[in-house]
Amino acid sequence: DESGPNYFSTALMSMCNQGGIRYLYENHFYMPSSLEIIDSDIFYGSIFNQGWNYSYRWHERHKGDELRYYRALDAVADWLPTIKAYNQALADEPQVLVLGSRIDGLTNGLKHNFFANISGMDIYAGLFAYFQTPAHFANEYTPWVELEKFKLVFVAGQVMTRDAMQRVVDYVKQGGKAVIVGNAGKYCVEEPQSRNLLSKLLIELPGNVNIKYLGAAGQKAPQPGSAPEAEFSTHRQQTPDILNWAQIKHPITAIQPNGKLDTGFECRLRREDEKTVYAGVYRRFVRVPGTRWYEQLMHIDVNREKWGEAQTTVQLTDLKPGRYELTQIHRQQQSLGIITVEPEGVLQWQTDKAVTGQLQIFKVRKID
């Protein structure tokens, strides 16, 4: 993969990991252009439980160049113990799967062989960016992915193979909950004269209680702007209701003062043991209009001037009652004190202000 730190790239990691294969980022050696790019690498490279690796390079001629050096080599060396501890802890396996269609991307979408040209990629990226819901990904060429492991499957792609449609039907027959996004399954590769075959197969099932239909969103992305490859994601009014319908748990969220999700931040929880967890809280980059990328060469002062600084409130749920020690271990090394968690099992705290691309990692340890 040569895509740099983009969340949508983790869809490929997901497919590999579900088949027992490690996925290597940036194996052509690349030079991170800022500390924020490295933070992105740490966060997105740690989404699943496969360890963390990047091949960085520097050259003496760039030393002192503010766009290219940024103390990056020293920072990586200083951060390695934290990266190691964070990755040795385990993230919860996703409860949601997005079943996309590679052939739809090639015939009905962008129509070229870019690795992210898989219908459903925007849903996968949007679930994380806008709804703080990590998912796994699959397409018609991943027979090793077991749909039955997931509480909820989003199905995307107007053009699908007959086999992929049948996998969805079998999953629903067995009690799985499926979401048909837009006109998913309108066309069948093996039956070109058929129309809406997937919907017809699902309608024939008794009850139809495990099927929801979701239109593709036409609204603008929420603030601070679109995430890469997630400009047109799922409907932002229906999606939270669907996630609740499937009883999808969110052990960690970033929230606004009004209690709504903070769409400018992404977060992931990793568990060291029964008493200790790590919370990664990342202020995501914003997609540059007209491209699929963020601004890769951006001095931190330019970043701050363009996007400002923001902070969020982190919320952990389903914790056991008791006293917890809260410590920030990345970007700042500081104790945030001892906090008592009541029987409701909720713990909240506020992050420091961050520019886009900055990651903060917190260690939460139960002490009694």
# chains A, B, ... in the order shown; residues from 1 in each chain; ligands from 1

$ residues_around --residues "Asp92 (chain A)" --least-positions-apart "5" --cutoff "10 Å" --atoms "only C-alpha atoms" --output "list in words"
Ile47, Phe48, Asn49, Pro134, Pro251, Arg268, Leu269, Arg270 and Arg271 of chain A

$ residues_around --residues "Pro206 (chain A)" --least-positions-apart "3" --cutoff "12 Å" --atoms "only C-alpha atoms" --output "number ranges by chain"
A: 169, 172-175, 201-203, 209-211

$ write_last_selection --atoms "all heavy atoms" --output "tab-separated table (two decimals), in the first residue's frame"
chain	number	residue	atom	x	y	z
A	169	VAL	N	-28.44	-13.44	1.52
A	169	VAL	CA	-29.71	-14.13	1.79
A	169	VAL	C	-29.53	-15.19	2.88
A	169	VAL	O	-30.33	-15.28	3.82
A	169	VAL	CB	-30.26	-14.77	0.49
A	169	VAL	CG1	-31.46	-15.66	0.79
A	169	VAL	CG2	-30.62	-13.69	-0.51
A	172	VAL	N	-29.18	-13.57	6.34
A	172	VAL	CA	-30.46	-13.10	6.89
A	172	VAL	C	-31.32	-14.29	7.32
A	172	VAL	O	-31.99	-14.25	8.36
A	172	VAL	CB	-31.20	-12.22	5.87
A	172	VAL	CG1	-32.59	-11.84	6.38
A	172	VAL	CG2	-30.39	-10.96	5.58
A	173	LYS	N	-31.29	-15.37	6.55
A	173	LYS	CA	-32.04	-16.57	6.91
A	173	LYS	C	-31.63	-17.08	8.29
A	173	LYS	O	-32.46	-17.59	9.05
A	173	LYS	CB	-31.79	-17.68	5.88
A	173	LYS	CG	-32.62	-17.61	4.64
A	173	LYS	CD	-32.33	-18.82	3.76
A	173	LYS	CE	-33.16	-18.82	2.49
A	173	LYS	NZ	-32.84	-19.99	1.62
A	174	GLN	N	-30.35	-16.94	8.62
A	174	GLN	CA	-29.83	-17.43	9.88
A	174	GLN	C	-30.01	-16.43	11.03
A	174	GLN	O	-29.51	-16.64	12.12
A	174	GLN	CB	-28.35	-17.78	9.73
A	174	GLN	CG	-28.09	-18.91	8.75
A	174	GLN	CD	-26.61	-19.09	8.43
A	174	GLN	OE1	-25.74	-18.69	9.19
A	174	GLN	NE2	-26.33	-19.69	7.29
A	175	GLY	N	-30.73	-15.34	10.76
A	175	GLY	CA	-31.02	-14.39	11.82
A	175	GLY	C	-30.16	-13.15	11.81
A	175	GLY	O	-30.31	-12.28	12.68
A	201	LEU	N	-35.00	-11.61	-3.82
A	201	LEU	CA	-34.63	-12.77	-3.02
A	201	LEU	C	-34.91	-12.55	-1.54
A	201	LEU	O	-35.36	-13.46	-0.83
A	201	LEU	CB	-33.15	-13.09	-3.22
A	201	LEU	CG	-32.74	-13.59	-4.62
A	201	LEU	CD1	-31.22	-13.65	-4.73
A	201	LEU	CD2	-33.34	-14.97	-4.88
A	202	LEU	N	-34.67	-11.32	-1.07
A	202	LEU	CA	-34.89	-11.02	0.34
A	202	LEU	C	-36.38	-10.92	0.66
A	202	LEU	O	-36.82	-11.33	1.75
A	202	LEU	CB	-34.18	-9.72	0.72
A	202	LEU	CG	-32.65	-9.78	0.71
A	202	LEU	CD1	-32.06	-8.39	0.91
A	202	LEU	CD2	-32.13	-10.73	1.79
A	203	ILE	N	-37.16	-10.39	-0.26
A	203	ILE	CA	-38.61	-10.25	-0.04
A	203	ILE	C	-39.26	-11.62	0.13
A	203	ILE	O	-40.23	-11.78	0.87
A	203	ILE	CB	-39.26	-9.48	-1.21
A	203	ILE	CG1	-38.87	-8.00	-1.14
A	203	ILE	CG2	-40.78	-9.62	-1.19
A	203	ILE	CD1	-39.31	-7.19	-2.33
A	209	VAL	N	-37.97	-9.35	8.93
A	209	VAL	CA	-37.76	-8.49	10.10
A	209	VAL	C	-36.30	-8.07	10.28
A	209	VAL	O	-36.00	-7.15	11.04
A	209	VAL	CB	-38.25	-9.19	11.38
A	209	VAL	CG1	-39.74	-9.40	11.33
A	209	VAL	CG2	-37.52	-10.53	11.59
A	210	ASN	N	-35.39	-8.73	9.59
A	210	ASN	CA	-33.97	-8.46	9.78
A	210	ASN	C	-33.36	-7.65	8.64
A	210	ASN	O	-32.15	-7.69	8.43
A	210	ASN	CB	-33.19	-9.77	9.95
A	210	ASN	CG	-33.50	-10.44	11.26
A	210	ASN	OD1	-33.90	-9.78	12.22
A	210	ASN	ND2	-33.32	-11.75	11.33
A	211	ILE	N	-34.20	-6.93	7.89
A	211	ILE	CA	-33.71	-6.18	6.73
A	211	ILE	C	-34.10	-4.71	6.87
A	211	ILE	O	-35.24	-4.38	7.20
A	211	ILE	CB	-34.29	-6.74	5.42
A	211	ILE	CG1	-34.03	-8.24	5.31
A	211	ILE	CG2	-33.68	-6.01	4.22
A	211	ILE	CD1	-34.84	-8.90	4.22

$ select_by_dssp --residues "region 146-282 of chain A" --states "helix (DSSP H, G or I)" --output "ChimeraX atom specification"
/A:147-149,162-173,197-203,239-245

$ select_by_dssp --residues "region 268-329 of chain A" --states "strand (DSSP E or B)" --output "tab-separated table (two decimals) with N, CA and C atoms, in the first residue's frame"
chain	number	residue	atom	x	y	z
A	268	ARG	N	-10.55	4.95	19.24
A	268	ARG	CA	-10.44	3.48	19.29
A	268	ARG	C	-9.98	3.09	20.68
A	269	LEU	N	-10.56	2.02	21.20
A	269	LEU	CA	-10.21	1.51	22.52
A	269	LEU	C	-9.43	0.22	22.38
A	270	ARG	N	-8.34	0.10	23.15
A	270	ARG	CA	-7.55	-1.13	23.15
A	270	ARG	C	-7.40	-1.60	24.59
A	271	ARG	N	-7.52	-2.90	24.81
A	271	ARG	CA	-7.56	-3.46	26.16
A	271	ARG	C	-6.27	-4.24	26.47
A	276	THR	N	-6.92	-2.46	32.61
A	276	THR	CA	-6.24	-1.38	31.91
A	276	THR	C	-6.65	-1.31	30.45
A	277	VAL	N	-7.02	-0.11	30.01
A	277	VAL	CA	-7.34	0.12	28.61
A	277	VAL	C	-6.60	1.36	28.12
A	278	TYR	N	-6.44	1.44	26.79
A	278	TYR	CA	-5.85	2.62	26.15
A	278	TYR	C	-6.90	3.23	25.23
A	279	ALA	N	-7.03	4.53	25.30
A	279	ALA	CA	-7.98	5.26	24.45
A	279	ALA	C	-7.20	6.12	23.46
A	280	GLY	N	-7.31	5.81	22.18
A	280	GLY	CA	-6.70	6.63	21.14
A	280	GLY	C	-7.75	7.61	20.61
A	281	VAL	N	-7.44	8.91	20.67
A	281	VAL	CA	-8.39	9.94	20.25
A	281	VAL	C	-7.70	10.81	19.20
A	282	TYR	N	-8.22	10.81	18.00
A	282	TYR	CA	-7.54	11.39	16.85
A	282	TYR	C	-8.42	12.45	16.18
A	283	ARG	N	-7.87	13.64	16.00
A	283	ARG	CA	-8.58	14.67	15.24
A	283	ARG	C	-8.25	14.49	13.77
A	310	ALA	N	-9.03	22.26	18.26
A	310	ALA	CA	-10.29	21.79	18.84
A	310	ALA	C	-10.00	20.73	19.89
A	313	THR	N	-14.70	15.74	24.22
A	313	THR	CA	-14.92	14.97	25.44
A	313	THR	C	-14.94	13.49	25.09
A	314	VAL	N	-14.11	12.71	25.77
A	314	VAL	CA	-14.03	11.27	25.56
A	314	VAL	C	-14.97	10.59	26.55
A	315	GLN	N	-15.71	9.61	26.06
A	315	GLN	CA	-16.62	8.88	26.94
A	315	GLN	C	-16.38	7.38	26.81
A	316	LEU	N	-16.08	6.72	27.92
A	316	LEU	CA	-16.00	5.27	28.00
A	316	LEU	C	-17.25	4.75	28.70
A	322	GLY	N	-15.81	1.86	40.41
A	322	GLY	CA	-14.57	1.91	41.18
A	322	GLY	C	-13.75	3.14	40.84
A	323	ARG	N	-12.52	3.17	41.33
A	323	ARG	CA	-11.65	4.31	41.08
A	323	ARG	C	-10.67	3.97	39.95
A	324	TYR	N	-10.48	4.94	39.07
A	324	TYR	CA	-9.62	4.75	37.90
A	324	TYR	C	-8.56	5.86	37.86
A	325	GLU	N	-7.34	5.44	37.52
A	325	GLU	CA	-6.26	6.40	37.29
A	325	GLU	C	-6.21	6.74	35.81
A	326	LEU	N	-6.25	8.03	35.48
A	326	LEU	CA	-6.27	8.49	34.10
A	326	LEU	C	-4.97	9.22	33.79
A	327	THR	N	-4.27	8.76	32.73
A	327	THR	CA	-2.98	9.34	32.37
A	327	THR	C	-2.91	9.55	30.86
A	328	GLN	N	-2.45	10.72	30.43
A	328	GLN	CA	-2.18	10.92	29.01
A	328	GLN	C	-0.74	10.49	28.75
A	329	ILE	N	-0.53	9.65	27.72
A	329	ILE	CA	0.79	9.09	27.49
A	329	ILE	C	1.35	9.42	26.11

$ closest_residue --among "A:Phe150, A:Phe114, A:Phe131, A:Tyr54" --to "Asp241 (chain A)" --atoms "only C-alpha atoms"
A:Phe131

$ closest_atom_pairs --of "region 275-330 of chain A" --to "region 30-39 of chain A" --cutoff "12 Å" --atoms "only C-alpha atoms" --output "tab-separated table"
residue	atom	partner	partner_atom	distance
A:Gly280	CA	A:Asp39	CA	10.4
A:Val281	CA	A:Asp39	CA	10.4
A:Tyr282	CA	A:Asp39	CA	8.2
A:Arg283	CA	A:Glu36	CA	9.7
A:Arg284	CA	A:Glu36	CA	9.8
A:Phe285	CA	A:Glu36	CA	9.2
A:Tyr294	CA	A:Ile37	CA	10.2
A:Glu295	CA	A:Ile37	CA	10.0
A:Gln296	CA	A:Ser33	CA	6.9
A:Leu297	CA	A:Ser33	CA	5.9
A:Met298	CA	A:Ser34	CA	7.5
A:His299	CA	A:Ser34	CA	7.4
A:Ile300	CA	A:Ser34	CA	7.9
A:Asp301	CA	A:Ser34	CA	11.5
A:Val302	CA	A:Ser34	CA	12.0
A:Asn303	CA	A:Glu36	CA	9.9
A:Arg304	CA	A:Glu36	CA	11.8
A:His330	CA	A:Asp39	CA	9.6

$ closest_residue --among "A:Phe362, A:Tyr56, A:Trp79, A:Tyr130" --to "Gly264 (chain A)" --atoms "only C-alpha atoms"
A:Tyr130

$ residues_around --residues "Gln158 (chain A)" --least-positions-apart "3" --cutoff "8 Å" --atoms "only C-alpha atoms" --output "PyMOL selection string"
chain A and resi 104+108+182-187

$ closest_residue --among "A:Asn244, A:Ser199, A:Thr82, A:Gln18" --to "Lys363 (chain A)" --atoms "only C-alpha atoms"
A:Thr82

$ residues_around --residues "Pro192 (chain A)" --least-positions-apart "4" --cutoff "12 Å" --atoms "only C-alpha atoms" --output "number ranges by chain"
A: 159-162, 185-188, 196-197

$ write_last_selection --atoms "C-alpha atoms" --output "PDB file, in the first residue's frame"
ATOM      1  CA  VAL A 159     -23.642  -4.649  -9.554  1.00  0.00           C
ATOM      2  CA  MET A 160     -23.151  -7.831  -7.541  1.00  0.00           C
ATOM      3  CA  THR A 161     -22.368 -11.442  -8.264  1.00  0.00           C
ATOM      4  CA  ARG A 162     -25.040 -14.086  -7.714  1.00  0.00           C
ATOM      5  CA  GLY A 185     -27.953  -5.761  -5.916  1.00  0.00           C
ATOM      6  CA  LYS A 186     -29.926  -4.043  -8.675  1.00  0.00           C
ATOM      7  CA  TYR A 187     -27.827  -5.806 -11.334  1.00  0.00           C
ATOM      8  CA  CYS A 188     -26.508  -9.362 -11.296  1.00  0.00           C
ATOM      9  CA  ASN A 196     -33.382  -5.851  -8.347  1.00  0.00           C
ATOM     10  CA  LEU A 197     -32.603  -9.528  -7.857  1.00  0.00           C
TER      11      LEU A 197
END

$ residues_around --residues "Lys151 (chain A)" --least-positions-apart "2" --cutoff "12 Å" --atoms "only C-alpha atoms" --output "PyMOL selection string"
chain A and resi 93-98+135-136+146-149+153-154+171-172+174-179+210+242-249

$ write_last_selection --atoms "N, CA and C atoms" --output "CSV table (one decimal), in the first residue's frame"
chain,number,residue,atom,x,y,z
A,93,GLU,N,-13.0,-6.7,18.4
A,93,GLU,CA,-13.3,-7.0,17.1
A,93,GLU,C,-14.6,-6.3,16.6
A,94,PRO,N,-14.6,-5.7,15.4
A,94,PRO,CA,-15.8,-5.0,14.9
A,94,PRO,C,-17.1,-5.9,14.9
A,95,GLN,N,-18.2,-5.2,15.2
A,95,GLN,CA,-19.5,-5.9,15.2
A,95,GLN,C,-20.2,-5.8,13.9
A,96,VAL,N,-19.6,-4.9,13.1
A,96,VAL,CA,-20.3,-4.5,11.8
A,96,VAL,C,-19.4,-4.9,10.6
A,97,LEU,N,-20.0,-5.4,9.5
A,97,LEU,CA,-19.3,-5.7,8.3
A,97,LEU,C,-19.9,-4.9,7.2
A,98,VAL,N,-19.1,-4.3,6.3
A,98,VAL,CA,-19.5,-3.7,5.1
A,98,VAL,C,-19.1,-4.7,3.9
A,135,ALA,N,-15.6,-1.0,11.5
A,135,ALA,CA,-16.2,-2.1,10.8
A,135,ALA,C,-15.1,-3.0,10.2
A,136,HIS,N,-15.5,-4.2,9.8
A,136,HIS,CA,-14.7,-4.9,8.9
A,136,HIS,C,-15.2,-4.8,7.5
A,146,GLU,N,-16.5,-14.5,7.2
A,146,GLU,CA,-17.8,-15.2,7.7
A,146,GLU,C,-18.8,-14.1,8.1
A,147,LEU,N,-19.8,-13.9,7.3
A,147,LEU,CA,-20.8,-12.9,7.7
A,147,LEU,C,-21.5,-13.2,9.0
A,148,GLU,N,-21.6,-14.5,9.4
A,148,GLU,CA,-22.3,-14.9,10.6
A,148,GLU,C,-21.6,-14.3,11.8
A,149,LYS,N,-20.4,-13.9,11.8
A,149,LYS,CA,-19.7,-13.4,12.9
A,149,LYS,C,-20.2,-12.0,13.3
A,153,VAL,N,-24.7,-6.3,8.8
A,153,VAL,CA,-23.9,-6.2,7.5
A,153,VAL,C,-24.6,-5.2,6.6
A,154,PHE,N,-23.8,-4.2,6.2
A,154,PHE,CA,-24.2,-3.2,5.2
A,154,PHE,C,-23.8,-3.8,3.9
A,171,TYR,N,-27.3,-15.3,5.2
A,171,TYR,CA,-27.0,-14.6,6.5
A,171,TYR,C,-28.3,-14.1,7.1
A,172,VAL,N,-29.2,-13.6,6.3
A,172,VAL,CA,-30.5,-13.1,6.9
A,172,VAL,C,-31.3,-14.3,7.3
A,174,GLN,N,-30.4,-16.9,8.6
A,174,GLN,CA,-29.8,-17.4,9.9
A,174,GLN,C,-30.0,-16.4,11.0
A,175,GLY,N,-30.7,-15.3,10.8
A,175,GLY,CA,-31.0,-14.4,11.8
A,175,GLY,C,-30.2,-13.1,11.8
A,176,GLY,N,-29.3,-13.0,10.8
A,176,GLY,CA,-28.4,-11.8,10.8
A,176,GLY,C,-29.2,-10.6,10.3
A,177,LYS,N,-28.7,-9.4,10.7
A,177,LYS,CA,-29.4,-8.2,10.3
A,177,LYS,C,-28.6,-7.6,9.2
A,178,ALA,N,-29.3,-7.2,8.1
A,178,ALA,CA,-28.7,-6.7,6.9
A,178,ALA,C,-29.3,-5.3,6.6
A,179,VAL,N,-28.4,-4.4,6.0
A,179,VAL,CA,-28.8,-3.1,5.6
A,179,VAL,C,-28.5,-3.0,4.1
A,210,ASN,N,-35.4,-8.7,9.6
A,210,ASN,CA,-34.0,-8.5,9.8
A,210,ASN,C,-33.4,-7.7,8.6
A,242,ILE,N,-30.3,2.6,13.0
A,242,ILE,CA,-30.0,1.3,12.6
A,242,ILE,C,-28.9,0.6,13.5
A,243,LEU,N,-27.9,1.4,13.9
A,243,LEU,CA,-26.9,0.8,14.8
A,243,LEU,C,-27.5,0.4,16.1
A,244,ASN,N,-28.4,1.2,16.6
A,244,ASN,CA,-29.1,0.9,17.8
A,244,ASN,C,-30.0,-0.4,17.7
A,245,TRP,N,-30.7,-0.4,16.5
A,245,TRP,CA,-31.5,-1.6,16.2
A,245,TRP,C,-30.7,-2.9,16.2
A,246,ALA,N,-29.5,-2.8,15.8
A,246,ALA,CA,-28.6,-4.0,15.8
A,246,ALA,C,-27.9,-4.2,17.1
A,247,GLN,N,-28.1,-3.3,18.0
A,247,GLN,CA,-27.5,-3.4,19.4
A,247,GLN,C,-25.9,-3.3,19.2
A,248,ILE,N,-25.5,-2.4,18.4
A,248,ILE,CA,-24.0,-2.2,18.3
A,248,ILE,C,-23.5,-1.4,19.4
A,249,LYS,N,-22.5,-1.9,20.1
A,249,LYS,CA,-22.0,-1.2,21.3
A,249,LYS,C,-20.9,-0.2,20.9

$ closest_residue --among "A:Gln332, A:Gln360, A:Asn6, A:Thr340" --to "Ala125 (chain A)" --atoms "only C-alpha atoms"
A:Asn6

$ closest_residue --among "A:Gly51, A:Gly357, A:Gly19, A:Gly345" --to "Phe137 (chain A)" --atoms "only C-alpha atoms"
A:Gly19

$ decode --residues "region 346-367 of chain A" --atoms "N, CA, C and O atoms" --output "PDB file, in the first residue's frame"
ATOM      1  N   VAL A 346     -19.858   4.844  33.408  1.00  0.00           N
ATOM      2  CA  VAL A 346     -19.445   5.854  32.425  1.00  0.00           C
ATOM      3  C   VAL A 346     -18.301   6.687  32.980  1.00  0.00           C
ATOM      4  O   VAL A 346     -18.341   7.133  34.136  1.00  0.00           O
ATOM      5  N   LEU A 347     -17.284   6.900  32.147  1.00  0.00           N
ATOM      6  CA  LEU A 347     -16.142   7.747  32.497  1.00  0.00           C
ATOM      7  C   LEU A 347     -15.950   8.767  31.385  1.00  0.00           C
ATOM      8  O   LEU A 347     -15.878   8.409  30.206  1.00  0.00           O
ATOM      9  N   GLN A 348     -15.858  10.053  31.746  1.00  0.00           N
ATOM     10  CA  GLN A 348     -15.673  11.113  30.760  1.00  0.00           C
ATOM     11  C   GLN A 348     -14.507  12.008  31.162  1.00  0.00           C
ATOM     12  O   GLN A 348     -14.246  12.213  32.347  1.00  0.00           O
ATOM     13  N   TRP A 349     -13.806  12.528  30.142  1.00  0.00           N
ATOM     14  CA  TRP A 349     -12.804  13.561  30.377  1.00  0.00           C
ATOM     15  C   TRP A 349     -12.609  14.356  29.089  1.00  0.00           C
ATOM     16  O   TRP A 349     -12.999  13.926  28.009  1.00  0.00           O
ATOM     17  N   GLN A 350     -11.987  15.518  29.213  1.00  0.00           N
ATOM     18  CA  GLN A 350     -11.768  16.387  28.066  1.00  0.00           C
ATOM     19  C   GLN A 350     -10.316  16.295  27.618  1.00  0.00           C
ATOM     20  O   GLN A 350      -9.395  16.261  28.427  1.00  0.00           O
ATOM     21  N   THR A 351     -10.129  16.269  26.298  1.00  0.00           N
ATOM     22  CA  THR A 351      -8.785  16.217  25.736  1.00  0.00           C
ATOM     23  C   THR A 351      -8.153  17.605  25.723  1.00  0.00           C
ATOM     24  O   THR A 351      -8.822  18.618  25.939  1.00  0.00           O
ATOM     25  N   ASP A 352      -6.856  17.653  25.422  1.00  0.00           N
ATOM     26  CA  ASP A 352      -6.211  18.921  25.105  1.00  0.00           C
ATOM     27  C   ASP A 352      -6.674  19.386  23.726  1.00  0.00           C
ATOM     28  O   ASP A 352      -7.208  18.599  22.929  1.00  0.00           O
ATOM     29  N   LYS A 353      -6.427  20.649  23.425  1.00  0.00           N
ATOM     30  CA  LYS A 353      -6.703  21.149  22.080  1.00  0.00           C
ATOM     31  C   LYS A 353      -5.721  20.514  21.091  1.00  0.00           C
ATOM     32  O   LYS A 353      -4.560  20.277  21.423  1.00  0.00           O
ATOM     33  N   ALA A 354      -6.194  20.255  19.872  1.00  0.00           N
ATOM     34  CA  ALA A 354      -5.366  19.593  18.867  1.00  0.00           C
ATOM     35  C   ALA A 354      -5.622  20.202  17.497  1.00  0.00           C
ATOM     36  O   ALA A 354      -6.736  20.623  17.188  1.00  0.00           O
ATOM     37  N   VAL A 355      -4.577  20.225  16.660  1.00  0.00           N
ATOM     38  CA  VAL A 355      -4.755  20.563  15.252  1.00  0.00           C
ATOM     39  C   VAL A 355      -5.185  19.294  14.527  1.00  0.00           C
ATOM     40  O   VAL A 355      -5.151  18.189  15.085  1.00  0.00           O
ATOM     41  N   THR A 356      -5.604  19.415  13.266  1.00  0.00           N
ATOM     42  CA  THR A 356      -5.986  18.221  12.522  1.00  0.00           C
ATOM     43  C   THR A 356      -4.776  17.312  12.361  1.00  0.00           C
ATOM     44  O   THR A 356      -3.655  17.767  12.125  1.00  0.00           O
ATOM     45  N   GLY A 357      -5.018  16.015  12.489  1.00  0.00           N
ATOM     46  CA  GLY A 357      -3.947  15.034  12.358  1.00  0.00           C
ATOM     47  C   GLY A 357      -3.288  14.653  13.660  1.00  0.00           C
ATOM     48  O   GLY A 357      -2.468  13.735  13.675  1.00  0.00           O
ATOM     49  N   GLN A 358      -3.621  15.318  14.751  1.00  0.00           N
ATOM     50  CA  GLN A 358      -2.968  15.003  16.017  1.00  0.00           C
ATOM     51  C   GLN A 358      -3.703  13.887  16.764  1.00  0.00           C
ATOM     52  O   GLN A 358      -4.929  13.860  16.827  1.00  0.00           O
ATOM     53  N   LEU A 359      -2.908  13.001  17.331  1.00  0.00           N
ATOM     54  CA  LEU A 359      -3.404  11.870  18.108  1.00  0.00           C
ATOM     55  C   LEU A 359      -3.038  12.064  19.573  1.00  0.00           C
ATOM     56  O   LEU A 359      -1.913  12.435  19.897  1.00  0.00           O
ATOM     57  N   GLN A 360      -3.992  11.809  20.440  1.00  0.00           N
ATOM     58  CA  GLN A 360      -3.740  11.765  21.876  1.00  0.00           C
ATOM     59  C   GLN A 360      -4.096  10.362  22.369  1.00  0.00           C
ATOM     60  O   GLN A 360      -5.130   9.807  21.982  1.00  0.00           O
ATOM     61  N   ILE A 361      -3.222   9.781  23.189  1.00  0.00           N
ATOM     62  CA  ILE A 361      -3.462   8.450  23.738  1.00  0.00           C
ATOM     63  C   ILE A 361      -3.509   8.558  25.253  1.00  0.00           C
ATOM     64  O   ILE A 361      -2.647   9.197  25.872  1.00  0.00           O
ATOM     65  N   PHE A 362      -4.514   7.910  25.837  1.00  0.00           N
ATOM     66  CA  PHE A 362      -4.714   7.941  27.274  1.00  0.00           C
ATOM     67  C   PHE A 362      -4.704   6.522  27.827  1.00  0.00           C
ATOM     68  O   PHE A 362      -5.199   5.583  27.167  1.00  0.00           O
ATOM     69  N   LYS A 363      -4.154   6.372  28.989  1.00  0.00           N
ATOM     70  CA  LYS A 363      -4.158   5.081  29.697  1.00  0.00           C
ATOM     71  C   LYS A 363      -5.137   5.180  30.856  1.00  0.00           C
ATOM     72  O   LYS A 363      -5.058   6.106  31.661  1.00  0.00           O
ATOM     73  N   VAL A 364      -6.053   4.232  30.928  1.00  0.00           N
ATOM     74  CA  VAL A 364      -7.064   4.213  31.981  1.00  0.00           C
ATOM     75  C   VAL A 364      -6.910   2.914  32.756  1.00  0.00           C
ATOM     76  O   VAL A 364      -7.068   1.825  32.194  1.00  0.00           O
ATOM     77  N   ARG A 365      -6.599   3.032  34.062  1.00  0.00           N
ATOM     78  CA  ARG A 365      -6.297   1.835  34.867  1.00  0.00           C
ATOM     79  C   ARG A 365      -7.161   1.817  36.127  1.00  0.00           C
ATOM     80  O   ARG A 365      -7.189   2.800  36.886  1.00  0.00           O
ATOM     81  N   LYS A 366      -7.844   0.727  36.341  1.00  0.00           N
ATOM     82  CA  LYS A 366      -8.660   0.555  37.555  1.00  0.00           C
ATOM     83  C   LYS A 366      -7.740   0.263  38.731  1.00  0.00           C
ATOM     84  O   LYS A 366      -6.945  -0.705  38.679  1.00  0.00           O
ATOM     85  N   ILE A 367      -7.846   1.038  39.795  1.00  0.00           N
ATOM     86  CA  ILE A 367      -6.947   0.844  40.929  1.00  0.00           C
ATOM     87  C   ILE A 367      -7.644   0.212  42.128  1.00  0.00           C
ATOM     88  O   ILE A 367      -6.990  -0.270  43.053  1.00  0.00           O
TER      89      ILE A 367
END
